[in-house]
Structures are given as C-alpha cells and as structure tokens.
>>> print(open('start-v4.tsv').read())   # TSV, C-alpha atoms
chain	number	residue	atom	x	y	z
L	1	MET	CA	0.00	0.00	0.00
L	2	THR	CA	1.23	3.47	-0.81
L	3	SER	CA	0.08	6.87	0.31
L	4	ALA	CA	1.44	10.40	0.22
L	5	LEU	CA	0.57	10.70	3.92
L	6	LYS	CA	2.57	8.62	6.36
L	7	VAL	CA	1.07	7.16	9.52
L	8	THR	CA	2.33	6.66	13.05
L	9	ALA	CA	0.53	3.90	14.96
L	10	TYR	CA	0.76	3.91	18.73
L	11	THR	CA	-0.44	1.90	21.69
L	12	LEU	CA	-0.20	2.16	25.49
L	13	THR	CA	1.02	-0.83	27.49
L	14	LEU	CA	1.44	-2.11	31.00
L	15	ASP	CA	2.23	-5.84	31.24
L	16	GLU	CA	0.56	-6.69	27.93
L	17	ALA	CA	2.85	-9.54	26.82
L	18	ARG	CA	-0.19	-11.78	26.42
L	19	GLN	CA	-1.58	-9.64	23.60
L	20	ILE	CA	1.00	-7.15	22.36
L	21	ARG	CA	2.46	-9.37	19.65
L	22	ALA	CA	-0.90	-9.68	17.89
L	23	VAL	CA	-1.50	-5.93	18.28
L	24	LEU	CA	1.79	-4.94	16.67
L	25	GLU	CA	1.53	-7.58	13.99
L	26	SER	CA	-1.72	-5.92	12.90
L	27	VAL	CA	-0.07	-2.49	12.40
L	28	LYS	CA	3.13	-3.53	10.63
L	29	TRP	CA	1.79	-1.59	7.65
L	30	ALA	CA	2.26	1.72	9.51
L	31	ASP	CA	5.27	3.89	8.74
L	32	GLU	CA	6.14	4.13	12.44
L	33	ILE	CA	5.07	2.27	15.57
L	34	ILE	CA	5.29	3.82	19.04
L	35	VAL	CA	4.69	1.92	22.27
L	36	VAL	CA	4.25	4.04	25.40
L	37	ASP	CA	5.01	1.58	28.18
L	38	SER	CA	4.52	2.17	31.91
L	39	PHE	CA	7.43	-0.04	33.00
L	40	SER	CA	6.10	-3.49	32.17
L	41	ARG	CA	7.76	-6.44	33.85
L	42	ASP	CA	6.44	-9.28	31.72
L	43	GLY	CA	8.42	-8.95	28.49
L	44	THR	CA	6.14	-6.47	26.76
L	45	VAL	CA	9.00	-4.14	25.85
L	46	GLU	CA	11.15	-6.94	24.47
L	47	ILE	CA	8.32	-8.07	22.20
L	48	ALA	CA	7.70	-4.49	21.05
L	49	ARG	CA	11.33	-4.13	20.00
L	50	GLU	CA	11.02	-7.23	17.82
L	51	PHE	CA	8.72	-5.10	15.66
L	52	ASN	CA	11.17	-2.16	15.61
L	53	ALA	CA	8.69	-0.16	17.65
L	54	ARG	CA	9.96	2.97	19.33
L	55	VAL	CA	9.42	2.38	23.05
L	56	LEU	CA	8.80	5.34	25.36
L	57	SER	CA	8.98	4.42	29.05
L	58	GLU	CA	6.74	6.63	31.16
L	59	LYS	CA	5.20	6.20	34.59
L	60	PHE	CA	1.41	6.02	34.46
L	61	ASN	CA	0.00	9.48	35.17
L	62	GLY	CA	-3.31	9.23	33.37
L	63	PHE	CA	-4.31	7.89	29.98
L	64	GLY	CA	-4.77	11.33	28.46
L	65	LYS	CA	-1.23	12.43	29.28
L	66	LEU	CA	0.26	9.18	27.97
L	67	ARG	CA	-1.65	9.53	24.71
L	68	ASN	CA	-0.47	13.11	24.25
L	69	LEU	CA	3.08	11.93	24.88
L	70	ALA	CA	2.72	9.57	21.93
L	71	LEU	CA	1.37	12.38	19.74
L	72	ASP	CA	4.26	14.65	20.65
L	73	ALA	CA	6.82	11.93	19.91
L	74	ALA	CA	5.39	10.84	16.57
L	75	LYS	CA	7.34	11.53	13.38
L	76	HIS	CA	4.18	11.86	11.31
L	77	ASP	CA	1.07	14.00	11.71
L	78	TRP	CA	-1.43	11.27	10.88
L	79	ILE	CA	-1.94	9.00	13.86
L	80	PHE	CA	-3.60	5.62	14.22
L	81	SER	CA	-4.43	4.79	17.84
L	82	LEU	CA	-4.82	1.15	18.82
L	83	ASP	CA	-5.36	-0.09	22.35
L	84	ALA	CA	-3.41	-3.05	23.66
L	85	ASP	CA	-6.47	-5.31	23.40
L	86	GLU	CA	-7.32	-4.31	19.81
L	87	ARG	CA	-6.35	-5.51	16.32
L	88	CYS	CA	-6.36	-3.63	13.03
L	89	THR	CA	-7.82	-5.80	10.29
L	90	PRO	CA	-6.16	-5.91	6.83
L	91	GLN	CA	-9.39	-4.46	5.41
L	92	LEU	CA	-9.16	-1.47	7.75
L	93	ALA	CA	-5.50	-0.93	6.90
L	94	ASP	CA	-6.42	-0.82	3.21
L	95	GLU	CA	-9.26	1.62	3.89
L	96	ILE	CA	-6.96	3.91	5.88
L	97	ARG	CA	-4.45	4.07	3.06
L	98	ARG	CA	-7.16	4.78	0.51
L	99	GLU	CA	-8.68	7.51	2.68
L	100	LEU	CA	-5.34	9.17	3.33
L	101	ALA	CA	-4.66	9.46	-0.37
L	102	ALA	CA	-7.14	12.38	-0.20
L	103	PRO	CA	-8.52	12.88	3.34
L	104	GLN	CA	-12.05	14.25	3.58
L	105	SER	CA	-11.91	14.74	7.36
L	106	ASP	CA	-9.38	15.56	10.07
L	107	ALA	CA	-10.31	12.66	12.37
L	108	TYR	CA	-12.19	9.41	11.88
L	109	HIS	CA	-14.20	7.14	14.11
L	110	VAL	CA	-13.64	3.45	13.47
L	111	PRO	CA	-16.34	0.86	14.31
L	112	ARG	CA	-15.22	-1.76	16.81
L	113	LYS	CA	-16.28	-5.37	17.07
L	114	SER	CA	-15.73	-6.56	20.64
L	115	HIS	CA	-15.29	-10.17	21.72
L	116	PHE	CA	-16.59	-11.08	25.19
L	117	LEU	CA	-16.38	-14.56	26.73
L	118	GLY	CA	-16.27	-16.24	23.33
L	119	ARG	CA	-18.94	-14.14	21.59
L	120	TRP	CA	-18.92	-11.14	19.29
L	121	MET	CA	-21.20	-8.61	20.95
L	122	ARG	CA	-23.74	-6.81	18.77
L	123	HIS	CA	-25.62	-4.86	21.45
L	124	SER	CA	-25.04	-3.82	25.12
L	125	GLY	CA	-23.44	-0.56	23.96
L	126	TRP	CA	-20.51	-2.49	22.53
L	127	TYR	CA	-21.21	-2.02	18.85
L	128	PRO	CA	-20.17	0.02	16.95
L	129	ASP	CA	-18.72	1.59	20.12
L	130	TYR	CA	-17.51	4.96	18.83
L	131	ARG	CA	-15.64	6.51	21.76
L	132	GLN	CA	-12.65	8.35	20.34
L	133	PRO	CA	-11.39	8.89	16.81
L	134	GLN	CA	-8.71	6.29	16.13
L	135	LEU	CA	-7.35	7.84	12.94
L	136	PHE	CA	-6.63	11.55	13.02
L	137	ASP	CA	-4.36	14.47	12.20
L	138	ARG	CA	-2.54	15.28	15.45
L	139	THR	CA	-2.41	18.96	14.53
L	140	LYS	CA	-6.21	19.00	14.86
L	141	LEU	CA	-6.81	16.71	17.86
L	142	ARG	CA	-5.57	16.67	21.44
L	143	TYR	CA	-6.51	14.46	24.36
L	144	ASN	CA	-7.64	15.95	27.64
L	145	ASP	CA	-5.70	15.03	30.77
L	146	GLU	CA	-8.21	12.82	32.61
L	147	LEU	CA	-6.81	9.85	34.51
L	148	VAL	CA	-9.22	7.45	32.79
L	149	HIS	CA	-12.01	7.57	30.19
L	150	GLU	CA	-10.17	10.50	28.69
L	151	SER	CA	-11.94	12.81	26.27
L	152	TYR	CA	-10.52	14.82	23.40
L	153	THR	CA	-10.75	18.17	21.66
L	154	LEU	CA	-11.01	18.24	17.88
L	155	ASN	CA	-10.53	21.39	15.85
L	156	GLY	CA	-11.70	20.06	12.52
L	157	ARG	CA	-14.03	17.71	10.67
L	158	LEU	CA	-15.05	14.31	12.03
L	159	GLY	CA	-15.63	11.40	9.67
L	160	TYR	CA	-16.35	7.68	9.89
L	161	LEU	CA	-14.60	4.68	8.41
L	162	HIS	CA	-16.44	1.47	7.54
L	163	GLU	CA	-14.01	-1.35	8.25
L	164	HIS	CA	-13.54	-2.64	11.78
L	165	VAL	CA	-11.08	-2.74	14.61
L	166	LEU	CA	-11.37	-6.00	16.52
L	167	GLN	CA	-11.25	-5.77	20.31
L	168	TYR	CA	-10.58	-8.58	22.80
L	169	PRO	CA	-10.93	-6.78	26.13
L	170	TRP	CA	-12.20	-9.45	28.52
L	171	ASP	CA	-11.39	-13.08	27.76
L	172	THR	CA	-12.52	-14.19	31.21
L	173	ILE	CA	-14.59	-12.76	34.04
L	174	GLU	CA	-11.43	-12.69	36.16
L	175	ILE	CA	-9.71	-10.45	33.61
L	176	ALA	CA	-12.83	-8.28	33.42
L	177	THR	CA	-13.10	-7.76	37.17
L	178	GLY	CA	-9.37	-7.08	37.41
L	179	LYS	CA	-9.59	-4.31	34.84
L	180	LEU	CA	-12.75	-2.89	36.39
L	181	GLN	CA	-11.05	-2.80	39.77
L	182	ARG	CA	-8.22	-0.74	38.31
L	183	TYR	CA	-10.52	1.59	36.39
L	184	SER	CA	-12.86	2.11	39.35
L	185	THR	CA	-9.88	3.14	41.48
L	186	LEU	CA	-8.82	5.69	38.87
L	187	MET	CA	-12.36	7.01	38.47
L	188	ALA	CA	-12.75	7.41	42.22
L	189	GLN	CA	-9.58	9.48	42.30
L	190	ARG	CA	-10.80	11.55	39.36
L	191	TYR	CA	-14.14	12.16	41.08
L	192	LEU	CA	-12.39	13.16	44.31
L	193	GLU	CA	-10.23	15.70	42.48
L	194	SER	CA	-13.35	17.20	40.88
L	195	ASN	CA	-15.16	17.37	44.25
L	196	LYS	CA	-17.82	14.86	43.28
L	197	ARG	CA	-19.51	13.24	46.28
L	198	ALA	CA	-20.41	9.61	46.96
L	199	THR	CA	-23.96	10.21	48.10
L	200	LEU	CA	-26.35	7.45	49.12
L	201	PRO	CA	-28.47	7.85	45.95
L	202	ARG	CA	-25.34	7.45	43.84
L	203	LEU	CA	-24.18	4.39	45.77
L	204	ILE	CA	-27.57	2.71	45.44
L	205	GLY	CA	-29.16	4.18	42.34
L	206	SER	CA	-26.24	4.57	39.93
L	207	PRO	CA	-25.33	0.84	39.74
L	208	ILE	CA	-28.98	-0.06	39.14
L	209	ALA	CA	-29.33	2.66	36.50
L	210	THR	CA	-26.16	1.47	34.77
L	211	PHE	CA	-27.38	-2.12	34.69
L	212	LEU	CA	-30.74	-1.06	33.23
L	213	LYS	CA	-29.05	1.17	30.66
L	214	VAL	CA	-26.85	-1.64	29.34
L	215	TYR	CA	-29.39	-4.45	29.62
L	216	LEU	CA	-32.54	-2.65	28.50
L	217	ALA	CA	-31.79	0.69	26.81
L	218	GLN	CA	-28.77	-0.68	24.93
L	219	GLN	CA	-30.55	-4.00	24.36
L	220	GLY	CA	-28.07	-6.18	26.21
L	221	PHE	CA	-30.84	-8.75	26.58
L	222	ARG	CA	-30.41	-9.46	22.86
L	223	ASP	CA	-26.89	-10.73	23.63
L	224	GLY	CA	-28.32	-13.47	25.86
L	225	PHE	CA	-26.38	-14.54	28.93
L	226	HIS	CA	-23.40	-12.54	27.67
L	227	GLY	CA	-25.48	-9.36	27.78
L	228	LEU	CA	-26.76	-10.14	31.27
L	229	ILE	CA	-23.25	-10.76	32.59
L	230	LEU	CA	-21.87	-7.65	30.89
L	231	ALA	CA	-24.64	-5.43	32.28
L	232	SER	CA	-23.99	-6.86	35.75
L	233	LEU	CA	-20.27	-6.18	35.44
L	234	TYR	CA	-20.97	-2.56	34.54
L	235	GLY	CA	-23.29	-2.24	37.51
L	236	TYR	CA	-20.54	-3.70	39.71
L	237	TYR	CA	-18.02	-1.23	38.26
L	238	THR	CA	-20.33	1.71	38.94
L	239	PHE	CA	-20.87	0.63	42.53
L	240	MET	CA	-17.13	0.13	43.09
L	241	LYS	CA	-16.13	3.56	41.82
L	242	TYR	CA	-18.59	5.29	44.18
L	243	ALA	CA	-17.71	2.99	47.09
L	244	LYS	CA	-14.03	3.80	46.56
L	245	LEU	CA	-14.85	7.50	46.31
L	246	TRP	CA	-16.68	7.21	49.65
L	247	GLU	CA	-13.60	5.53	51.12
L	248	LEU	CA	-11.33	8.31	49.85
L	249	GLN	CA	-13.68	10.92	51.32
L	250	GLN	CA	-13.61	9.17	54.68
L	251	ARG	CA	-9.82	9.14	54.70
L	252	ALA	CA	-9.72	12.83	53.80
L	253	THR	CA	-12.12	13.60	56.66
L	254	GLN	CA	-10.16	11.55	59.17
L	255	ASN	CA	-6.79	12.88	58.04
L	256	PRO	CA	-7.31	16.51	57.04
L	257	ARG	CA	-4.28	18.36	55.77
>>> encode(input="start-v4.tsv", output="structure tokens")
Amino acid sequence: MTSALKVTAYTLTLDEARQIRAVLESVKWADEIIVVDSFSRDGTVEIAREFNARVLSEKFNGFGKLRNLALDAAKHDWIFSLDADERCTPQLADEIRRELAAPQSDAYHVPRKSHFLGRWMRHSGWYPDYRQPQLFDRTKLRYNDELVHESYTLNGRLGYLHEHVLQYPWDTIEIATGKLQRYSTLMAQRYLESNKRATLPRLIGSPIATFLKVYLAQQGFRDGFHGLILASLYGYYTFMKYAKLWELQQRATQNPR
C-alpha cells in the first residue's frame, strides 16, 4: 500500500505480553510504531522491540497524558491509535491508506467489534462503540488530561470509516473484574479531584441505573447470557467507583491536611 501521507501507529502498554504481539503484527503496515510503556515487567518491551517499535517508558499518570506523549513523539502527523487489546484488520489498513490518499476529514471514528467470553457482541453498547477517533491528524486533535475515560478536543471535521477494529478486552470474568477494579480506582480518584460526592443515591441508584441502561436501553438482553453478565459487570463497576470514592472521602475527613 502506498500513500502520500505517512502514519504513526501507537499503543499504550502495562504488562501486555499476552496480547501485544498480535497488536503490533496488525499495524506492521504503519510507517512508524510507538509503544508508550509504563514499566512493564512481563516482556512487553522486548516483544515491542522485535517489531522495531519505538518504546517510550513513562510512569502512568493518566491515559490522556500518555496519549499526548505519543502524539508529541510521533514523526508523522497522521496518527492511528490502537489499544493493547485491539487488532487492526487488513481491510481497515487498506481503507486507511485509501482515505489518506485524499482525506475528507481531520479525524475518523472506526467501528469496533468486541469479543466477550467467546462471543462477538452486537448490542449492550458495545457495537459500533464509537468513543474516540482512532485515525486523526494530530495537529487538529488533542486528548484531555483525565486519569481514565479521557476525552478529546477536535478542531476540525469528524468522519467515519467502515471497516472494523477487533477488540478482545475481557477473555474471562477474572480479567474483566481485574480491569474494572483498576478503572474504578482511577475514576474514584478523578471524582475526588473534581469534588464529586459519593452520596447514598449514587451508591444505590447509579449501579442499578447502569445495569438497566446496558441491559434494557442498549438492548443487552439481545446478547443473551453474555449481555446479562456484561450489564452486571458494569453495575458492579459503577458501585465500586462510588464505594471507593466514599472511602477516599472518609480518609480525607479523618486525616485533614
């Protein structure tokens, strides 16, 4: 594939040896690969270097800041962002090259197919799952500095690609709960810094509302048992982030500065 516009692909890692080889294999077409690694201990960095990826070692200080670090380090303005549990399909790589021959937008959403406990999810808010543009001109897009669930600012046109990224986020319930534990801790810290309170209605009502949103409003019931389990996991995550926020508030009250 040829294109007048070169592409830097990047991913963020922390102990991702289980998946990183497949991730990087899927972006070998890119003109540059950057891995921003938060001091993995499981061989992630060694695998990344097999693909001639440029490895930037940086302590975790929020996903937004790590992503901006990758943008600042990139040699090329066009960026393809791929998480450490995602794969770029050959069809998507071809579409990217075709689009960049004459870009019609400054950033593009890419539909994601997500695999959960052996099933491709079609509902439950997991398809097409547009969260952030994954292909974009870095001169037009910047991530905000949130610890987790980071947002972005785009000064330009937003478009949509048709081919898919494949995501394998939670192979087992144990992996799912482990990730949700980490994310709920980060969200609790983010809420504390923004002076959000863990009120009783939030502790009780928010998990129930989240479950109903995923299972009913986003039609998780159409995904069968997988949808029921996923909705329950999101309810659990919502409860944990407010419970942890309550815990942080109690510590701050007991140990005022």
>>> axis_aligned_box(input="start-v4.tsv", around="stretch 133-145 of chain L", padding_each_side="3 Å", output="lines of an AutoDock Vina configuration file")
center_x = -6.9
center_y = 12.6
center_z = 21.5
size_x = 15.0
size_y = 18.7
size_z = 24.6
>>> atom_distance(input="start-v4.tsv", atom1="atom CA of L:Gly227", atom2="atom CA of L:Ala209")
15.3 Å
>>> closest_residue(input="start-v4.tsv", among="L:Leu56, L:Ile229, L:Leu245, L:Leu5", to="L:Asn195", atoms="all atoms listed in the file")
L:Leu245
>>> closest_residue(input="start-v4.tsv", among="L:Leu230, L:Ala102, L:Ala93, L:Val55", to="L:Gln218", atoms="all atoms listed in the file")
L:Leu230
>>> closest_residue(input="start-v4.tsv", among="L:His123, L:Leu180, L:Glu193, L:Phe63", to="L:Tyr152", atoms="all atoms listed in the file")
L:Phe63
>>> closest_residue(input="start-v4.tsv", among="L:Leu100, L:Leu135, L:Val27, L:Val110", to="L:Cys88", atoms="only C-alpha atoms")
L:Val27
